[in-house]
file final-v3.tsv (TSV, C-alpha atoms)
chain	number	residue	atom	x	y	z
A	1	MET	CA	10.43	58.97	-14.76
A	2	PRO	CA	7.61	57.43	-12.66
A	3	LYS	CA	7.58	53.80	-11.58
A	4	ILE	CA	7.45	51.41	-14.52
A	5	PRO	CA	5.12	48.41	-14.14
A	6	LEU	CA	5.76	45.01	-15.66
A	7	VAL	CA	2.44	45.09	-17.51
A	8	ASP	CA	0.09	48.07	-17.78
A	9	VAL	CA	-3.32	46.51	-18.36
A	10	GLN	CA	-5.06	49.82	-17.69
A	11	ALA	CA	-3.24	51.36	-20.64
A	12	GLN	CA	-5.06	48.84	-22.82
A	13	TYR	CA	-8.60	49.24	-21.51
A	14	ALA	CA	-8.51	52.93	-20.51
A	15	PRO	CA	-9.45	54.11	-24.05
A	16	LEU	CA	-12.39	51.70	-23.94
A	17	ILE	CA	-13.92	52.77	-20.63
A	18	GLU	CA	-17.04	54.31	-22.13
A	19	GLU	CA	-17.68	51.28	-24.33
A	20	LEU	CA	-17.14	48.99	-21.34
A	21	ARG	CA	-19.68	50.99	-19.34
A	22	GLU	CA	-22.16	50.71	-22.19
A	23	ARG	CA	-21.76	46.96	-22.26
A	24	PHE	CA	-22.14	46.79	-18.49
A	25	ASP	CA	-25.37	48.79	-18.71
A	26	GLU	CA	-26.68	46.55	-21.49
A	27	VAL	CA	-26.10	43.40	-19.45
A	28	LEU	CA	-27.60	45.02	-16.35
A	29	ALA	CA	-30.69	46.05	-18.28
A	30	SER	CA	-31.11	42.61	-19.81
A	31	GLY	CA	-31.21	40.77	-16.50
A	32	ALA	CA	-29.42	37.84	-18.19
A	33	PHE	CA	-26.29	37.20	-16.16
A	34	ILE	CA	-25.66	33.46	-16.68
A	35	ARG	CA	-25.42	31.72	-20.08
A	36	GLY	CA	-26.76	34.82	-21.80
A	37	PRO	CA	-26.47	36.10	-25.38
A	38	ASN	CA	-23.00	37.59	-24.91
A	39	VAL	CA	-21.56	34.22	-23.89
A	40	ALA	CA	-23.10	32.55	-26.94
A	41	ALA	CA	-21.88	35.32	-29.23
A	42	PHE	CA	-18.38	35.33	-27.77
A	43	GLU	CA	-18.08	31.57	-28.18
A	44	GLN	CA	-18.89	31.94	-31.88
A	45	GLU	CA	-16.56	34.91	-32.34
A	46	ALA	CA	-13.72	33.20	-30.49
A	47	ALA	CA	-14.15	30.05	-32.58
A	48	ALA	CA	-13.93	32.13	-35.75
A	49	SER	CA	-10.84	33.94	-34.48
A	50	LEU	CA	-9.13	30.66	-33.56
A	51	GLY	CA	-10.28	28.78	-36.65
A	52	VAL	CA	-11.89	25.93	-34.69
A	53	ARG	CA	-15.29	24.26	-34.93
A	54	ARG	CA	-16.54	25.44	-31.56
A	55	THR	CA	-15.57	26.87	-28.20
A	56	ILE	CA	-17.04	26.60	-24.71
A	57	GLY	CA	-16.71	29.43	-22.21
A	58	VAL	CA	-15.78	28.29	-18.70
A	59	ALA	CA	-14.93	29.88	-15.37
A	60	ASN	CA	-11.13	29.95	-15.70
A	61	GLY	CA	-8.15	28.42	-17.48
A	62	THR	CA	-7.56	25.72	-14.88
A	63	ASP	CA	-11.14	24.49	-15.16
A	64	ALA	CA	-10.67	24.38	-18.93
A	65	LEU	CA	-7.80	21.91	-18.55
A	66	VAL	CA	-9.63	19.71	-16.04
A	67	LEU	CA	-12.79	19.65	-18.15
A	68	VAL	CA	-10.93	18.50	-21.26
A	69	LEU	CA	-9.12	15.74	-19.36
A	70	ASP	CA	-12.43	14.62	-17.85
A	71	ALA	CA	-14.19	14.71	-21.22
A	72	LEU	CA	-11.47	12.44	-22.62
A	73	GLU	CA	-11.92	10.12	-19.61
A	74	ILE	CA	-8.29	10.50	-18.56
A	75	GLY	CA	-7.88	9.46	-14.93
A	76	PRO	CA	-6.24	7.02	-12.52
A	77	GLY	CA	-3.63	4.79	-14.14
A	78	ASP	CA	-3.16	7.16	-17.09
A	79	GLU	CA	-0.14	9.34	-17.84
A	80	VAL	CA	-0.04	12.77	-19.47
A	81	ILE	CA	3.30	14.21	-20.59
A	82	CYS	CA	3.78	17.92	-19.94
A	83	PRO	CA	6.56	20.42	-19.21
A	84	ALA	CA	7.77	21.21	-15.70
A	85	PHE	CA	8.66	24.75	-16.77
A	86	THR	CA	5.15	26.18	-16.70
A	87	PHE	CA	2.50	27.37	-14.28
A	88	TYR	CA	1.34	24.83	-11.69
A	89	ALA	CA	-2.16	24.52	-13.19
A	90	THR	CA	-0.80	22.46	-16.10
A	91	ALA	CA	0.26	19.55	-13.89
A	92	GLU	CA	-2.36	20.29	-11.23
A	93	SER	CA	-5.17	19.60	-13.68
A	94	ILE	CA	-3.67	16.19	-14.51
A	95	ALA	CA	-3.22	15.27	-10.86
A	96	ARG	CA	-6.73	16.55	-10.05
A	97	ARG	CA	-8.10	13.91	-12.43
A	98	GLY	CA	-6.07	11.21	-10.64
A	99	ALA	CA	-3.74	10.77	-13.62
A	100	THR	CA	0.05	11.06	-13.43
A	101	PRO	CA	1.88	14.07	-14.87
A	102	VAL	CA	5.06	12.89	-16.58
A	103	PHE	CA	7.49	15.74	-17.03
A	104	ALA	CA	9.69	16.23	-20.08
A	105	ASP	CA	12.50	18.71	-20.52
A	106	VAL	CA	12.29	21.90	-22.56
A	107	ASP	CA	14.28	23.05	-25.54
A	108	ALA	CA	16.93	25.52	-24.41
A	109	ALA	CA	16.21	27.95	-27.24
A	110	THR	CA	12.40	28.07	-27.05
A	111	LEU	CA	11.61	26.94	-23.47
A	112	ASN	CA	8.82	24.80	-24.95
A	113	LEU	CA	8.66	21.00	-24.79
A	114	ASP	CA	11.56	19.22	-26.47
A	115	PRO	CA	9.98	16.58	-28.77
A	116	ASP	CA	13.04	14.32	-28.52
A	117	ASP	CA	12.81	14.25	-24.74
A	118	VAL	CA	9.05	13.71	-24.89
A	119	ALA	CA	9.55	10.74	-27.21
A	120	GLU	CA	11.70	9.02	-24.59
A	121	ARG	CA	8.89	9.29	-22.02
A	122	VAL	CA	6.01	7.87	-24.05
A	123	THR	CA	4.71	4.58	-22.63
A	124	PRO	CA	1.59	2.43	-23.17
A	125	ARG	CA	0.02	4.42	-20.31
A	126	THR	CA	0.48	7.75	-22.12
A	127	LYS	CA	-3.01	9.01	-22.88
A	128	ALA	CA	-2.11	12.56	-23.95
A	129	ILE	CA	0.68	15.09	-24.42
A	130	MET	CA	0.01	18.58	-23.05
A	131	PRO	CA	2.38	21.17	-24.55
A	132	VAL	CA	2.26	24.75	-23.30
A	133	HIS	CA	2.61	27.68	-25.69
A	134	LEU	CA	4.89	29.31	-23.18
A	135	PHE	CA	5.04	33.10	-22.90
A	136	GLY	CA	3.13	33.31	-26.21
A	137	ARG	CA	5.51	31.21	-28.33
A	138	PRO	CA	3.84	28.31	-30.18
A	139	ALA	CA	4.99	24.89	-29.04
A	140	PRO	CA	6.08	22.28	-31.65
A	141	VAL	CA	2.65	20.69	-31.86
A	142	ALA	CA	3.16	19.08	-35.28
A	143	GLU	CA	6.30	17.28	-34.13
A	144	LEU	CA	4.67	16.16	-30.90
A	145	ALA	CA	1.64	14.84	-32.78
A	146	LYS	CA	3.91	12.41	-34.66
A	147	LEU	CA	4.44	10.57	-31.36
A	148	GLY	CA	0.92	9.18	-31.58
A	149	ALA	CA	-0.79	10.47	-28.43
A	150	PRO	CA	-3.63	13.03	-28.49
A	151	ILE	CA	-2.38	16.61	-28.12
A	152	LEU	CA	-4.05	18.92	-25.60
A	153	GLU	CA	-2.73	22.45	-26.06
A	154	ASP	CA	-2.39	24.57	-22.94
A	155	ALA	CA	-2.69	27.88	-24.78
A	156	ALA	CA	-3.42	30.03	-21.73
A	157	GLN	CA	-0.69	32.50	-22.74
A	158	ALA	CA	-1.14	32.50	-26.50
A	159	PHE	CA	-4.57	33.67	-27.67
A	160	GLY	CA	-4.00	35.46	-30.97
A	161	SER	CA	-1.05	33.35	-32.06
A	162	PRO	CA	-1.57	32.03	-35.61
A	163	GLY	CA	-1.38	28.30	-36.12
A	164	ILE	CA	-2.38	27.17	-32.62
A	165	ALA	CA	-5.56	25.30	-31.65
A	166	THR	CA	-5.09	22.62	-34.30
A	167	SER	CA	-5.28	19.64	-31.93
A	168	VAL	CA	-7.92	17.60	-30.13
A	169	ALA	CA	-8.52	20.50	-27.75
A	170	SER	CA	-6.93	23.76	-26.66
A	171	THR	CA	-7.52	25.71	-23.47
A	172	PHE	CA	-7.28	29.41	-22.69
A	173	SER	CA	-7.23	31.71	-19.70
A	174	PHE	CA	-8.59	35.24	-19.68
A	175	TYR	CA	-6.86	36.28	-16.45
A	176	PRO	CA	-6.44	40.08	-16.53
A	177	THR	CA	-2.78	40.07	-17.62
A	178	LYS	CA	-3.30	37.72	-20.58
A	179	ASN	CA	-3.13	38.88	-24.21
A	180	LEU	CA	-6.90	38.53	-24.45
A	181	PHE	CA	-8.20	39.29	-20.99
A	182	CYS	CA	-11.34	39.96	-19.04
A	183	LEU	CA	-11.87	42.05	-15.93
A	184	GLY	CA	-11.89	39.08	-13.61
A	185	ASP	CA	-11.59	35.33	-14.21
A	186	GLY	CA	-12.58	33.50	-17.35
A	187	GLY	CA	-11.52	30.60	-19.54
A	188	LEU	CA	-12.25	28.83	-22.80
A	189	VAL	CA	-12.06	25.36	-24.33
A	190	ALA	CA	-11.60	25.14	-28.11
A	191	VAL	CA	-12.29	21.87	-29.93
A	192	ASN	CA	-12.49	20.53	-33.46
A	193	ASP	CA	-14.77	17.62	-32.57
A	194	ASP	CA	-18.44	18.31	-31.93
A	195	GLU	CA	-18.96	15.27	-29.72
A	196	LEU	CA	-16.04	16.22	-27.49
A	197	GLY	CA	-17.27	19.80	-27.37
A	198	GLU	CA	-20.73	18.73	-26.28
A	199	ARG	CA	-19.27	16.57	-23.53
A	200	VAL	CA	-17.15	19.49	-22.27
A	201	ARG	CA	-20.20	21.75	-22.31
A	202	MET	CA	-22.23	19.24	-20.31
A	203	LEU	CA	-19.47	18.68	-17.78
A	204	ALA	CA	-19.17	22.43	-17.27
A	205	PHE	CA	-22.91	22.59	-16.54
A	206	HIS	CA	-23.24	19.92	-13.85
A	207	GLY	CA	-23.17	17.13	-16.43
A	208	SER	CA	-26.48	18.28	-17.89
A	209	ARG	CA	-27.85	19.55	-21.19
A	210	ASP	CA	-30.97	21.11	-19.74
A	211	LYS	CA	-30.60	21.35	-15.93
A	212	VAL	CA	-33.30	18.68	-15.63
A	213	ASP	CA	-31.56	15.43	-16.53
A	214	PHE	CA	-28.01	14.95	-15.27
A	215	GLU	CA	-26.09	12.45	-17.39
A	216	LEU	CA	-22.60	12.99	-15.98
A	217	VAL	CA	-21.00	13.97	-12.68
A	218	GLY	CA	-19.85	17.40	-13.71
A	219	TYR	CA	-18.79	20.80	-12.47
A	220	ASN	CA	-20.16	24.30	-12.14
A	221	SER	CA	-17.83	26.21	-14.45
A	222	ARG	CA	-19.38	28.95	-16.55
A	223	LEU	CA	-18.05	32.06	-18.24
A	224	ASP	CA	-19.86	35.05	-16.75
A	225	GLU	CA	-22.15	37.02	-19.07
A	226	LEU	CA	-20.63	40.34	-18.07
A	227	GLN	CA	-17.08	39.11	-18.71
A	228	ALA	CA	-18.18	37.74	-22.08
A	229	ALA	CA	-19.50	41.19	-22.98
A	230	PHE	CA	-16.13	42.71	-22.15
A	231	LEU	CA	-14.26	39.94	-23.98
A	232	ARG	CA	-16.26	40.58	-27.15
A	233	LEU	CA	-15.03	44.17	-27.13
A	234	PHE	CA	-11.43	43.23	-26.34
A	235	LEU	CA	-11.41	40.57	-29.07
A	236	THR	CA	-11.95	43.32	-31.66
A	237	ARG	CA	-8.73	44.97	-30.42
A	238	LEU	CA	-6.62	41.82	-30.17
A	239	GLU	CA	-4.94	42.11	-33.57
A	240	GLU	CA	-3.89	45.68	-32.79
A	241	TRP	CA	-2.63	44.69	-29.34
A	242	THR	CA	-0.65	41.76	-30.75
A	243	ARG	CA	0.98	44.04	-33.29
A	244	GLY	CA	1.91	46.41	-30.48
A	245	ARG	CA	3.48	43.60	-28.45
A	246	ARG	CA	5.55	42.42	-31.39
A	247	GLU	CA	6.69	45.97	-32.16
A	248	ALA	CA	7.76	46.44	-28.55
A	249	ALA	CA	9.67	43.14	-28.59
A	250	ALA	CA	11.49	44.15	-31.77
A	251	ARG	CA	12.35	47.52	-30.23
A	252	TYR	CA	14.16	45.88	-27.31
A	253	ALA	CA	16.40	44.14	-29.83
A	254	GLU	CA	16.94	47.39	-31.74
A	255	LEU	CA	17.93	49.14	-28.50
A	256	GLY	CA	20.67	46.57	-27.90
A	257	LEU	CA	19.18	44.58	-25.03
A	258	GLY	CA	20.34	41.40	-26.78
A	259	GLU	CA	23.95	42.51	-26.32
A	260	LEU	CA	23.44	42.38	-22.55
A	261	VAL	CA	21.17	39.37	-21.95
A	262	GLU	CA	19.72	36.49	-23.96
A	263	LEU	CA	16.50	37.61	-25.63
A	264	PRO	CA	13.61	35.35	-26.66
A	265	ALA	CA	14.18	34.41	-30.29
A	266	ASP	CA	11.50	35.87	-32.51
A	267	GLU	CA	9.24	33.89	-34.83
A	268	PRO	CA	6.10	34.97	-36.71
A	269	GLY	CA	3.68	33.25	-34.33
A	270	HIS	CA	5.15	34.63	-31.10
A	271	VAL	CA	2.63	36.96	-29.43
A	272	TYR	CA	4.83	37.93	-26.46
A	273	HIS	CA	2.51	37.37	-23.55
A	274	LEU	CA	5.65	38.21	-21.59
A	275	PHE	CA	9.11	39.33	-22.68
A	276	VAL	CA	11.27	36.78	-20.91
A	277	CYS	CA	15.04	37.11	-21.08
A	278	ARG	CA	17.83	34.97	-19.62
A	279	SER	CA	21.08	35.76	-17.86
A	280	PRO	CA	23.35	34.09	-15.28
A	281	GLU	CA	23.44	37.58	-13.70
A	282	ARG	CA	19.67	37.69	-13.33
A	283	ASP	CA	19.58	38.59	-9.64
A	284	ARG	CA	21.99	41.49	-10.03
A	285	ILE	CA	20.04	42.81	-13.00
A	286	ARG	CA	16.73	42.58	-11.16
A	287	ALA	CA	18.19	44.34	-8.12
A	288	SER	CA	19.27	47.25	-10.34
A	289	LEU	CA	15.87	47.39	-12.00
A	290	ALA	CA	14.18	47.45	-8.60
A	291	ASP	CA	16.45	50.29	-7.45
A	292	ALA	CA	15.36	52.21	-10.55
A	293	GLU	CA	11.68	51.46	-9.75
A	294	ILE	CA	11.31	49.26	-12.81
A	295	ALA	CA	9.27	46.10	-12.28
A	296	SER	CA	10.56	42.71	-13.34
A	297	ALA	CA	9.59	39.13	-12.54
A	298	THR	CA	10.86	35.56	-12.59
A	299	TYR	CA	8.88	32.48	-13.53
A	300	TYR	CA	8.72	28.91	-12.32
A	301	THR	CA	11.86	29.24	-10.19
A	302	THR	CA	10.80	26.01	-8.51
A	303	PRO	CA	9.86	23.88	-11.53
A	304	LEU	CA	6.85	21.62	-11.22
A	305	HIS	CA	8.85	18.40	-10.82
A	306	LEU	CA	10.35	19.88	-7.62
A	307	GLN	CA	7.13	21.34	-6.16
A	308	PRO	CA	6.17	20.03	-2.69
A	309	ALA	CA	2.70	18.91	-3.75
A	310	LEU	CA	4.18	16.67	-6.45
A	311	ARG	CA	7.08	15.28	-4.42
A	312	SER	CA	5.46	11.84	-4.30
A	313	LEU	CA	6.14	11.46	-8.03
A	314	GLY	CA	9.79	10.92	-7.17
A	315	TRP	CA	11.54	13.51	-9.31
A	316	GLU	CA	14.91	14.81	-8.14
A	317	ARG	CA	16.97	17.91	-8.84
A	318	GLY	CA	19.12	17.38	-11.91
A	319	SER	CA	16.57	15.22	-13.73
A	320	LEU	CA	15.48	18.01	-16.12
A	321	PRO	CA	18.65	20.06	-16.71
A	322	GLU	CA	17.36	22.58	-19.26
A	323	THR	CA	14.23	23.21	-17.20
A	324	GLU	CA	16.28	23.82	-14.08
A	325	ARG	CA	18.74	26.10	-15.86
A	326	ALA	CA	15.88	28.14	-17.29
A	327	ALA	CA	14.39	28.42	-13.79
A	328	GLU	CA	17.66	29.89	-12.54
A	329	GLU	CA	18.21	32.36	-15.38
A	330	ASN	CA	14.84	33.68	-16.60
A	331	PHE	CA	13.40	37.11	-15.90
A	332	SER	CA	10.99	39.41	-17.69
A	333	VAL	CA	11.14	43.12	-18.37
A	334	PRO	CA	8.22	45.50	-18.98
A	335	LEU	CA	6.20	45.00	-22.15
A	336	TRP	CA	2.62	45.76	-23.15
A	337	PRO	CA	0.88	47.10	-26.26
A	338	GLY	CA	1.65	50.79	-26.56
A	339	ILE	CA	4.62	50.85	-24.18
A	340	GLU	CA	6.50	54.07	-24.87
A	341	PRO	CA	9.95	53.83	-26.48
A	342	ALA	CA	11.37	56.06	-23.73
A	343	VAL	CA	10.30	53.48	-21.14
A	344	GLN	CA	12.09	50.72	-23.04
A	345	GLU	CA	15.17	52.90	-23.44
A	346	ARG	CA	15.24	53.38	-19.68
A	347	VAL	CA	14.97	49.62	-19.09
A	348	VAL	CA	17.90	48.91	-21.42
A	349	GLU	CA	19.94	51.70	-19.83
A	350	VAL	CA	19.53	50.19	-16.36
A	351	VAL	CA	20.32	46.66	-17.53
A	352	ARG	CA	23.42	47.95	-19.32
A	353	SER	CA	24.62	49.59	-16.12
A	354	ALA	CA	23.86	46.44	-14.11
A	355	VAL	CA	26.03	44.20	-16.29
A	356	GLY	CA	28.79	46.79	-16.54
A	357	VAL	CA	28.70	47.34	-20.28
A	358	LYS	CA	29.68	50.86	-21.34
A	359	VAL	CA	28.28	52.60	-24.40

call {"tool": "encode", "arguments": {"input": "final-v3.tsv", "output": "structure tokens"}}
result
Amino acid sequence: MPKIPLVDVQAQYAPLIEELRERFDEVLASGAFIRGPNVAAFEQEAAASLGVRRTIGVANGTDALVLVLDALEIGPGDEVICPAFTFYATAESIARRGATPVFADVDAATLNLDPDDVAERVTPRTKAIMPVHLFGRPAPVAELAKLGAPILEDAAQAFGSPGIATSVASTFSFYPTKNLFCLGDGGLVAVNDDELGERVRMLAFHGSRDKVDFELVGYNSRLDELQAAFLRLFLTRLEEWTRGRREAAARYAELGLGELVELPADEPGHVYHLFVCRSPERDRIRASLADAEIASATYYTTPLHLQPALRSLGWERGSLPETERAAEENFSVPLWPGIEPAVQERVVEVVRSAVGVKV
């Protein structure tokens, strides 16, 4: 069997090559490369898919977070509660605005924010709570909302999950390995408040409505017309791709992988951006997978509260026990829409050998 990648993005877009070329040619012929008709159309189609009032296409997922925080005037002296078991951009966006990221621990079963731990960290300076729909599993937004602070959903890994994007704002990344992806960088802000949406749009366009009068000190963060054209095509396939991810996740359980390692618990809204397992024997398992030319990966092995750039916040090892345990035990195995059962069987076979479990 040839080398097995962690994610095979080409397997998703290869059947669409001719349609992608047609869309490229259409954009090229139009001469409209910035803020063109495909961006406007994608924003409407994405809003309909997410069930929100409006969306704003931006340059990437990190910009999306910063723009929302700026639009809400969150800055120096303010606190935003977020997980430490997530990609750096979550806390980076808060720090970029001059606000303080306040880390809360995760739930051991879901790896999403633990509402009880979050509740203990709310103070008068808390201006928002930023849950992450980690690895495609919806965070407990309804429970977090009961704590009284505005909820900003970092949904970079969860486009297509039902029930998300119900809060003040939600942000998305279209990095090429995401569930909904483009062929480069791209991001999106989804809002349910028109005034907030207009402010985000202005901030993303140098603080201007018309490029003549500049009302705010903004940014230059725009979704590219060509990427929007590709995203419009990929959005029509998202439901099919999500179904394929969920089928592949269920197959790992059927093949007995859960007898060898801890699998992510399933729930209807989980869209499996990644298939992240846990085991105290992680390193031995990954070494065996590597020997068999099967890709795997670990995530957030240095959680955000222990990252060098955030050391001044004063967090110490041991302060977020579930986060730190997850950092030591997590690893992902190959999964993508359309992954062949034989590939998954091979993965389970190698893991079984690694942990010494005989059939």

call {"tool": "closest_residue", "arguments": {"input": "final-v3.tsv", "among": "A:Ala297, A:Leu263, A:Leu111, A:Val39", "to": "A:Val27", "atoms": "all atoms listed in the file"}}
result
A:Val39

call {"tool": "closest_residue", "arguments": {"input": "final-v3.tsv", "among": "A:Phe234, A:Asp185, A:Arg54, A:Arg201", "to": "A:Tyr219", "atoms": "all atoms listed in the file"}}
result
A:Arg201

call {"tool": "closest_residue", "arguments": {"input": "final-v3.tsv", "among": "A:Gln344, A:Ser208, A:Asn179, A:Ser30", "to": "A:Arg237", "atoms": "all atoms listed in the file"}}
result
A:Asn179

call {"tool": "residues_near_point", "arguments": {"input": "final-v3.tsv", "point": "(18.5, 36.4, -25.3)", "cutoff": "7 Å", "atoms": "all atoms listed in the file", "output": "list in words"}}
result
Gly258, Val261, Glu262, Leu263, Pro264, Ala265, Cys277 and Arg278 of chain A

call {"tool": "residues_around", "arguments": {"input": "final-v3.tsv", "residues": "A:Glu316", "least_positions_apart": "6", "cutoff": "12 Å", "atoms": "all atoms listed in the file", "output": "list in words"}}
result
Phe103, Thr302, Pro303, Leu304, His305, Leu306, Gln307, Pro308, Leu310 and Glu324 of chain A

call {"tool": "write_last_selection", "arguments": {"input": "final-v3.tsv", "atoms": "C-alpha atoms", "output": "compact mmCIF listing (two decimals), in the coordinates of the input"}}
result
# COMPACT_ATOMS: atom_id res chain seq x y z
CA PHE A 103 7.49 15.74 -17.03
CA THR A 302 10.80 26.01 -8.51
CA PRO A 303 9.86 23.88 -11.53
CA LEU A 304 6.85 21.62 -11.22
CA HIS A 305 8.85 18.40 -10.82
CA LEU A 306 10.35 19.88 -7.62
CA GLN A 307 7.13 21.34 -6.16
CA PRO A 308 6.17 20.03 -2.69
CA LEU A 310 4.18 16.67 -6.45
CA GLU A 324 16.28 23.82 -14.08

call {"tool": "closest_residue", "arguments": {"input": "final-v3.tsv", "among": "A:Glu45, A:Glu349, A:Asp8, A:Glu328", "to": "A:Leu233", "atoms": "all atoms listed in the file"}}
result
A:Glu45

call {"tool": "closest_residue", "arguments": {"input": "final-v3.tsv", "among": "A:Asp107, A:Glu240, A:Asp291, A:Asp224", "to": "A:Gly57", "atoms": "all atoms listed in the file"}}
result
A:Asp224

call {"tool": "residues_around", "arguments": {"input": "final-v3.tsv", "residues": "A:Val333", "least_positions_apart": "6", "cutoff": "10 Å", "atoms": "only C-alpha atoms", "output": "list in words"}}
result
Ile4, Pro5, Leu6, Val7, Tyr252, Leu274, Phe275, Val276, Cys277, Arg286, Leu289, Ile294, Ala295, Ser296, Ala297, Thr298, Gln344, Val347, Val348 and Val351 of chain A

call {"tool": "residues_near_point", "arguments": {"input": "final-v3.tsv", "point": "(-5.2, 2.5, -19.9)", "cutoff": "8 Å", "atoms": "all atoms listed in the file", "output": "short mmCIF file (atom, residue, chain, number, x, y, z; two decimals) with C-alpha atoms, in the coordinates of the input"}}
result
data_model
loop_
_atom_site.label_atom_id
_atom_site.label_comp_id
_atom_site.auth_asym_id
_atom_site.auth_seq_id
_atom_site.Cartn_x
_atom_site.Cartn_y
_atom_site.Cartn_z
CA GLY A 77 -3.63 4.79 -14.14
CA ASP A 78 -3.16 7.16 -17.09
CA PRO A 124 1.59 2.43 -23.17
CA ARG A 125 0.02 4.42 -20.31
CA LYS A 127 -3.01 9.01 -22.88
#

call {"tool": "atom_distance", "arguments": {"input": "final-v3.tsv", "atom1": "atom CA of A:Arg246", "atom2": "atom CA of A:Pro337"}}
result
8.4 Å

call {"tool": "residues_around", "arguments": {"input": "final-v3.tsv", "residues": "A:Tyr13", "least_positions_apart": "6", "cutoff": "12 Å", "atoms": "all atoms listed in the file", "output": "list in words"}}
result
Glu19, Leu20, Arg21, Pro176, Thr177, Leu180, Phe181, Cys182, Leu183, Phe230, Leu231, Leu233, Phe234, Leu235, Arg237, Leu238, Trp241, Trp336, Pro337 and Gly338 of chain A

call {"tool": "atom_distance", "arguments": {"input": "final-v3.tsv", "atom1": "atom CA of A:Ala84", "atom2": "atom CA of A:Tyr300"}}
result
8.5 Å

call {"tool": "atom_distance", "arguments": {"input": "final-v3.tsv", "atom1": "atom CA of A:Gln157", "atom2": "atom CA of A:Glu281"}}
result
26.3 Å

call {"tool": "residues_around", "arguments": {"input": "final-v3.tsv", "residues": "A:Pro37", "least_positions_apart": "6", "cutoff": "12 Å", "atoms": "only C-alpha atoms", "output": "list of chain:residue names"}}
result
A:Glu26, A:Val27, A:Ser30, A:Gly31, A:Glu43, A:Gln44, A:Leu223, A:Asp224, A:Glu225, A:Leu226, A:Gln227, A:Ala228, A:Ala229, A:Arg232
